[in-house]
Amino acid sequence: MASDTLFDALIEHDISRRDFIKFCTAMAAALGLSAGTVPRIAHALQTKKKPILLWLEMQSCTGDTEALLRATKPTAAELVLDVLSLDYSETIMAAAGHQAEKLLADLVKNHKGAYFAAVEGSIPVKDGGIHCCIGGRSGLEIAREVCGNALATFAMGTCACFGGIPHASPNPTGAVGVKEAFPNATVLNLAGCPVNAENITAAIVHYLTFGSLPAVDAFGRPLFAFGKRIHDNCERRAHFDAGQYTRQWGDDGHRRGWCMYYMGCKGPQAYQNCPTVRYNGGTSWPVGSGHGCVACAAPNFWDEMTPFYRRLPQPFGITVETTADKVGLTVTAVTLGGILLHAIARMVKHHTRPKGEAAQGAKPQEKTEWKGPSWHE
Amino acid sequence: MLCLRDVYVWEFPVRLTHWVNVICLITLSFTGYYIGNPYIHNVHPFFYGVLKDQWVMGWMRLIHFSVAYVFAMSVLLRIYWGFAGNRHARWSAMIPTTKERRRTLLHDIRFYLLMEPAPAVSIGHSPTAGLAYLLLFLGYLVSILTGFALLSQSHGGAFWYAAGGWILPSFPVQWVRLVHHVMMWFLIVFPIVHLYVGWTTDLVEENCVMSSIFSGRKTCGDE
């Protein structure tokens, strides 16, 4: 294939210039840039060479690749697919066996420091990384070589970013994200379960246009995609403020499309652009299809955002039904009961004591031998 | 012979912050509980015309956040008064630093276990009460810190980051939420015990401690 630039790739796919400019505008919008940057993006995509991108599979469900393959918009999806399939991706490339291994080794050797690596899935580090082996080598070893020599690494999906589901307690394989496995590597965390194809494309476009990776938040996630709270952009937000909630799955409120906050939606503590960009080419997203957000792009979401259908975590996992309120209510009841018992015991003691002693007890200066501290004014 | 006299114990800022805190805690508990568990069901068609478009959660959050600022300022004022107030208001009255106070503390614990007929005489806080209020203020600070941390999720400014948002990258947000929620129960249980102990002390000591938080004056026995 002779498509050197992304623009060439688009032309090969019979995409008109009008659609190309539309694509550039959509990318500018996704990155939170003004319309004035559209010509700059268009110019970059027409002139800059497509970056080499090597896609590694670690401990993953291939959900991120699947999300890309199922993306319906021809422009963005095929553009990204072209970038990926040209070089190396275990799931979708034609080469196999020794041929594939040689391809990877050659690409790393010949384009050292000039290619992008994409890692999907968490990297197991326990027992020398033997829990994930590819072609007789551990995933840890392969990723160290590929990510260590890369210009930058895109961690695709929450598993690659923070360890994700394999990292969840008790984490038998010692699974970690790319940044934790290789602290010195340049990593852009494109979190999400799965990662949104639009965000991958936008991150690549950002690099091609500005020659740098986008600005990131405290967790290394690009701000253009993870800078805003889902709750603040949610299409059901008005129902939240109005106090209109789904009380049970399939109830009247659920059918009316009311807020799922009561059912444990984690939108108020999740940061991603799902409500605006949506998934699968803007088709829908979890809240749009009637399920609460699970904050899949948050670190340790499987441990920290569960139970998914409750507002609060289970205190110390005592029992499934124990919630903080039940504990609180019990403590309040025990306190009131304790006070009642204490008052009764005091009265009983008061009445059974000899009369003189009881009278003394009421007068502070005579009640005991010890006078207590003397801080009188 | 017993000689009673009035002593001015609780200065105005102490009484003011006390009652502001009472009002704030009641309001914050009701609104905060609704925010955590929206108990007002307006699904029933009977309420459609009444509550449907009434912005219930909006009001609850507005009241909760506004009152929370008042509460935070009240706590701040009381912390300051712990340095500037009279000896009964000072932080030194909260911490049993001297040997005598530690002895009084033991005596008071024995009183609450019904092993002594009356508590030790204190004009201001007894060492036990002081310690309890120290715990209460730690609870206030935890509530305020976690509250601002949760607020910082919708308020991106530097103020909210400084007020509590900085703890969020280090702690799971759901646990911060749980701590904030559990603190509400602590602040419900505390006043119950507080009222009972105050009432008991008033009965046994006859020092008008219950009315002193209105008037500031306590009746003290002298020899």
# chains A, B, ... in the order shown; residues from 1 in each chain; ligands from 1
>>> residues_around(residues="stretch 201-204 of chain B", least_positions_apart="4", cutoff="7 Å", atoms="only C-alpha atoms", output="compact mmCIF listing (two decimals) with C-alpha atoms, in the first residue's frame")
# COMPACT_ATOMS: atom_id res chain seq x y z
CA ALA A 362 -26.37 15.56 95.14
CA ALA B 118 -21.34 12.04 91.53
CA VAL B 197 -24.83 13.33 79.93
CA CYS B 208 -27.53 24.52 85.69
CA VAL B 209 -25.30 23.16 82.93
CA MET B 210 -28.32 22.69 80.65
>>> select_by_dssp(residues="stretch 6-171 of chain B", states="helix (DSSP H, G or I)", output="MDAnalysis selection string")
chainID B and resid 12:36 45:51 56:84 91:93 99:112 127:151 158:163 165:167
>>> residues_around(residues="stretch 34-42 of chain A", least_positions_apart="6", cutoff="8 Å", atoms="only C-alpha atoms", output="MDAnalysis selection string")
chainID A and resid 20:21 24:25 28 205 208:209
>>> interface_residues(of="chain B", to="chain A", cutoff="8 Å", atoms="only C-alpha atoms", output="ChimeraX atom specification")
/B:2,7,36-38,40,42-43,52-58,100-101,104,114,117-123,153-154,169,172-175,177-178,181-182,185-186,188-189,192-193,196,203-206,221-223
>>> residues_around(residues="B:Ile109", least_positions_apart="6", cutoff="10 Å", atoms="only C-alpha atoms", output="ChimeraX atom specification")
/B:103,115-116,119,128
>>> atom_distance(atom1="atom CA of B:Gly165", atom2="atom CA of A:Phe162")
21.1 Å
>>> atom_distance(atom1="atom CA of A:Leu53", atom2="atom CA of A:Arg18")
27.1 Å
>>> atom_distance(atom1="atom CA of A:Asn189", atom2="atom CA of A:Arg137")
24.8 Å
>>> select_by_dssp(residues="stretch 174-297 of chain A", states="strand (DSSP E or B)", output="ChimeraX atom specification")
/A:175-176,187-190,216,222,229,245,259,271,279,284
>>> write_last_selection(atoms="N, CA and C atoms", output="mmCIF file, in the first residue's frame")
data_model
loop_
_atom_site.group_PDB
_atom_site.id
_atom_site.type_symbol
_atom_site.label_atom_id
_atom_site.label_comp_id
_atom_site.auth_asym_id
_atom_site.auth_seq_id
_atom_site.Cartn_x
_atom_site.Cartn_y
_atom_site.Cartn_z
ATOM 1 N N ALA A 175 -1.197 -8.437 38.332
ATOM 2 C CA ALA A 175 -1.419 -7.612 37.138
ATOM 3 C C ALA A 175 -1.313 -6.131 37.468
ATOM 4 N N VAL A 176 -0.599 -5.389 36.621
ATOM 5 C CA VAL A 176 -0.486 -3.937 36.780
ATOM 6 C C VAL A 176 -0.676 -3.272 35.425
ATOM 7 N N VAL A 187 3.741 7.147 28.853
ATOM 8 C CA VAL A 187 2.475 6.429 28.670
ATOM 9 C C VAL A 187 1.322 7.419 28.669
ATOM 10 N N LEU A 188 0.422 7.252 27.707
ATOM 11 C CA LEU A 188 -0.831 8.004 27.717
ATOM 12 C C LEU A 188 -1.933 7.013 28.067
ATOM 13 N N ASN A 189 -2.623 7.263 29.166
ATOM 14 C CA ASN A 189 -3.652 6.326 29.622
ATOM 15 C C ASN A 189 -4.983 6.625 28.955
ATOM 16 N N LEU A 190 -5.353 5.794 27.976
ATOM 17 C CA LEU A 190 -6.664 5.923 27.351
ATOM 18 C C LEU A 190 -7.567 4.895 28.028
ATOM 19 N N VAL A 216 -2.608 15.801 30.403
ATOM 20 C CA VAL A 216 -3.230 14.702 31.148
ATOM 21 C C VAL A 216 -3.624 15.129 32.557
ATOM 22 N N PRO A 222 -5.802 11.639 29.172
ATOM 23 C CA PRO A 222 -5.906 12.931 28.477
ATOM 24 C C PRO A 222 -7.123 13.726 28.941
ATOM 25 N N ARG A 229 -16.799 15.558 34.160
ATOM 26 C CA ARG A 229 -17.521 14.536 34.900
ATOM 27 C C ARG A 229 -18.723 14.073 34.086
ATOM 28 N N TYR A 245 -36.129 9.445 40.139
ATOM 29 C CA TYR A 245 -35.182 8.331 40.087
ATOM 30 C C TYR A 245 -35.838 7.019 39.708
ATOM 31 N N CYS A 259 -33.318 9.299 36.140
ATOM 32 C CA CYS A 259 -31.940 9.149 36.620
ATOM 33 C C CYS A 259 -31.752 7.836 37.390
ATOM 34 N N TYR A 271 -15.173 10.252 35.311
ATOM 35 C CA TYR A 271 -14.735 11.289 34.385
ATOM 36 C C TYR A 271 -14.479 10.663 33.018
ATOM 37 N N TYR A 279 -20.570 5.843 22.326
ATOM 38 C CA TYR A 279 -19.809 4.708 21.800
ATOM 39 C C TYR A 279 -20.352 4.259 20.450
ATOM 40 N N SER A 284 -24.847 4.971 21.158
ATOM 41 C CA SER A 284 -25.391 5.048 22.503
ATOM 42 C C SER A 284 -24.262 4.913 23.509
#
>>> closest_residue(among="B:Ile79, B:Phe111, B:Leu16, B:Tyr161", to="B:Thr200", atoms="only C-alpha atoms")
B:Phe111
>>> residues_around(residues="A:Lys179", least_positions_apart="6", cutoff="12 Å", atoms="only C-alpha atoms", output="list in words")
Val119, Ser122, Ile123, Ala143, Arg144, Cys147, Gly148, Ala152, Thr153, Phe154, Ala155, Met156, Thr158, Cys159, Ala160, Cys161, Phe162, Gly163, Ala185, Thr186, Val187, Leu188, Asn189, Leu190, Phe219, Gly220 and Arg221 of chain A
>>> closest_atom_pairs(of="stretch 122-196 of chain A", to="stretch 86-101 of chain A", cutoff="12 Å", atoms="only C-alpha atoms", output="Markdown table")
| residue | atom | partner | partner_atom | distance |
| --- | --- | --- | --- | --- |
| A:Ile134 | CA | A:Glu101 | CA | 9.4 |
| A:Gly135 | CA | A:Glu101 | CA | 7.7 |
| A:Gly136 | CA | A:Glu101 | CA | 10.7 |
| A:Arg137 | CA | A:Glu101 | CA | 10.6 |
| A:Ile142 | CA | A:Glu101 | CA | 10.4 |
| A:Val146 | CA | A:Tyr88 | CA | 11.4 |
>>> residues_around(residues="B:Ser212", least_positions_apart="6", cutoff="12 Å", atoms="only C-alpha atoms", output="PDB file with N, CA and C atoms, in the first residue's frame")
ATOM      1  N   ASP B   6     -23.033  32.546  90.689  1.00  0.00           N
ATOM      2  CA  ASP B   6     -23.070  32.469  89.227  1.00  0.00           C
ATOM      3  C   ASP B   6     -21.673  32.710  88.669  1.00  0.00           C
ATOM      4  N   VAL B   7     -21.282  31.871  87.731  1.00  0.00           N
ATOM      5  CA  VAL B   7     -19.992  32.073  87.070  1.00  0.00           C
ATOM      6  C   VAL B   7     -20.245  32.173  85.569  1.00  0.00           C
ATOM      7  N   TYR B   8     -19.670  33.178  84.953  1.00  0.00           N
ATOM      8  CA  TYR B   8     -19.807  33.308  83.497  1.00  0.00           C
ATOM      9  C   TYR B   8     -18.786  32.368  82.847  1.00  0.00           C
ATOM     10  N   VAL B   9     -19.271  31.293  82.252  1.00  0.00           N
ATOM     11  CA  VAL B   9     -18.385  30.248  81.745  1.00  0.00           C
ATOM     12  C   VAL B   9     -18.288  30.271  80.225  1.00  0.00           C
ATOM     13  N   TRP B  10     -19.454  30.194  79.555  1.00  0.00           N
ATOM     14  CA  TRP B  10     -19.468  30.085  78.080  1.00  0.00           C
ATOM     15  C   TRP B  10     -19.620  31.476  77.472  1.00  0.00           C
ATOM     16  N   GLU B  11     -18.577  31.916  76.846  1.00  0.00           N
ATOM     17  CA  GLU B  11     -18.634  33.236  76.210  1.00  0.00           C
ATOM     18  C   GLU B  11     -19.536  33.193  74.982  1.00  0.00           C
ATOM     19  N   PHE B  12     -19.855  34.380  74.457  1.00  0.00           N
ATOM     20  CA  PHE B  12     -20.805  34.455  73.352  1.00  0.00           C
ATOM     21  C   PHE B  12     -20.395  33.611  72.147  1.00  0.00           C
ATOM     22  N   VAL B  14     -18.755  30.924  71.965  1.00  0.00           N
ATOM     23  CA  VAL B  14     -18.932  29.500  72.274  1.00  0.00           C
ATOM     24  C   VAL B  14     -20.387  29.117  72.128  1.00  0.00           C
ATOM     25  N   ARG B  15     -21.275  29.962  72.685  1.00  0.00           N
ATOM     26  CA  ARG B  15     -22.699  29.668  72.604  1.00  0.00           C
ATOM     27  C   ARG B  15     -23.202  29.803  71.168  1.00  0.00           C
ATOM     28  N   HIS B  18     -22.085  26.917  69.115  1.00  0.00           N
ATOM     29  CA  HIS B  18     -22.820  25.729  69.557  1.00  0.00           C
ATOM     30  C   HIS B  18     -24.174  25.651  68.869  1.00  0.00           C
ATOM     31  N   ILE B 123     -15.848  23.537  86.546  1.00  0.00           N
ATOM     32  CA  ILE B 123     -16.586  24.744  86.186  1.00  0.00           C
ATOM     33  C   ILE B 123     -16.859  24.736  84.699  1.00  0.00           C
ATOM     34  N   GLY B 124     -15.814  24.560  83.922  1.00  0.00           N
ATOM     35  CA  GLY B 124     -15.979  24.472  82.474  1.00  0.00           C
ATOM     36  C   GLY B 124     -16.244  23.033  82.083  1.00  0.00           C
ATOM     37  N   HIS B 125     -15.521  22.593  81.043  1.00  0.00           N
ATOM     38  CA  HIS B 125     -15.662  21.195  80.641  1.00  0.00           C
ATOM     39  C   HIS B 125     -14.984  20.321  81.690  1.00  0.00           C
ATOM     40  N   GLY B 198     -25.447  15.674  79.699  1.00  0.00           N
ATOM     41  CA  GLY B 198     -25.727  17.018  80.202  1.00  0.00           C
ATOM     42  C   GLY B 198     -26.855  17.004  81.220  1.00  0.00           C
ATOM     43  N   TRP B 199     -27.895  16.269  80.869  1.00  0.00           N
ATOM     44  CA  TRP B 199     -29.065  16.166  81.745  1.00  0.00           C
ATOM     45  C   TRP B 199     -28.689  15.489  83.067  1.00  0.00           C
ATOM     46  N   ASP B 202     -26.573  17.774  85.166  1.00  0.00           N
ATOM     47  CA  ASP B 202     -27.404  18.831  85.719  1.00  0.00           C
ATOM     48  C   ASP B 202     -28.152  18.329  86.952  1.00  0.00           C
ATOM     49  N   GLU B 206     -26.449  19.771  90.018  1.00  0.00           N
ATOM     50  CA  GLU B 206     -27.325  20.932  90.206  1.00  0.00           C
ATOM     51  C   GLU B 206     -26.599  22.231  89.882  1.00  0.00           C
ATOM     52  N   LYS B 218     -23.082  29.443  84.791  1.00  0.00           N
ATOM     53  CA  LYS B 218     -23.283  28.216  85.556  1.00  0.00           C
ATOM     54  C   LYS B 218     -23.337  28.561  87.027  1.00  0.00           C
ATOM     55  N   THR B 219     -24.088  27.742  87.762  1.00  0.00           N
ATOM     56  CA  THR B 219     -24.143  27.912  89.208  1.00  0.00           C
ATOM     57  C   THR B 219     -23.107  26.999  89.828  1.00  0.00           C
ATOM     58  N   CYS B 220     -22.211  27.587  90.601  1.00  0.00           N
ATOM     59  CA  CYS B 220     -21.152  26.776  91.158  1.00  0.00           C
ATOM     60  C   CYS B 220     -21.169  26.849  92.672  1.00  0.00           C
TER      61      CYS B 220
END
>>> residues_around(residues="B:Ala149", least_positions_apart="6", cutoff="8 Å", atoms="only C-alpha atoms", output="ChimeraX atom specification")
/B:160-161,163-168,176
>>> write_last_selection(atoms="N, CA and C atoms", output="PDB file, in the first residue's frame")
ATOM      1  N   TRP B 160     -11.603  24.673  46.097  1.00  0.00           N
ATOM      2  CA  TRP B 160     -12.158  23.380  46.504  1.00  0.00           C
ATOM      3  C   TRP B 160     -11.078  22.303  46.499  1.00  0.00           C
ATOM      4  N   TYR B 161     -10.095  22.485  45.623  1.00  0.00           N
ATOM      5  CA  TYR B 161      -8.967  21.550  45.634  1.00  0.00           C
ATOM      6  C   TYR B 161      -8.242  21.680  46.972  1.00  0.00           C
ATOM      7  N   ALA B 163      -9.452  22.908  49.734  1.00  0.00           N
ATOM      8  CA  ALA B 163     -10.337  22.606  50.861  1.00  0.00           C
ATOM      9  C   ALA B 163     -10.555  21.107  51.066  1.00  0.00           C
ATOM     10  N   GLY B 164     -10.242  20.297  50.082  1.00  0.00           N
ATOM     11  CA  GLY B 164     -10.474  18.859  50.268  1.00  0.00           C
ATOM     12  C   GLY B 164     -10.187  18.025  49.025  1.00  0.00           C
ATOM     13  N   GLY B 165     -10.226  18.653  47.851  1.00  0.00           N
ATOM     14  CA  GLY B 165     -10.033  17.900  46.610  1.00  0.00           C
ATOM     15  C   GLY B 165      -8.698  17.186  46.529  1.00  0.00           C
ATOM     16  N   TRP B 166      -7.694  17.722  47.254  1.00  0.00           N
ATOM     17  CA  TRP B 166      -6.356  17.137  47.186  1.00  0.00           C
ATOM     18  C   TRP B 166      -6.296  15.719  47.732  1.00  0.00           C
ATOM     19  N   ILE B 167      -7.273  15.302  48.535  1.00  0.00           N
ATOM     20  CA  ILE B 167      -7.197  13.945  49.079  1.00  0.00           C
ATOM     21  C   ILE B 167      -7.693  12.907  48.069  1.00  0.00           C
ATOM     22  N   LEU B 168      -8.404  13.366  47.037  1.00  0.00           N
ATOM     23  CA  LEU B 168      -9.064  12.393  46.165  1.00  0.00           C
ATOM     24  C   LEU B 168      -8.131  11.456  45.387  1.00  0.00           C
ATOM     25  N   VAL B 176     -14.238   7.751  50.458  1.00  0.00           N
ATOM     26  CA  VAL B 176     -14.417   9.112  50.963  1.00  0.00           C
ATOM     27  C   VAL B 176     -15.910   9.363  51.196  1.00  0.00           C
TER      28      VAL B 176
END
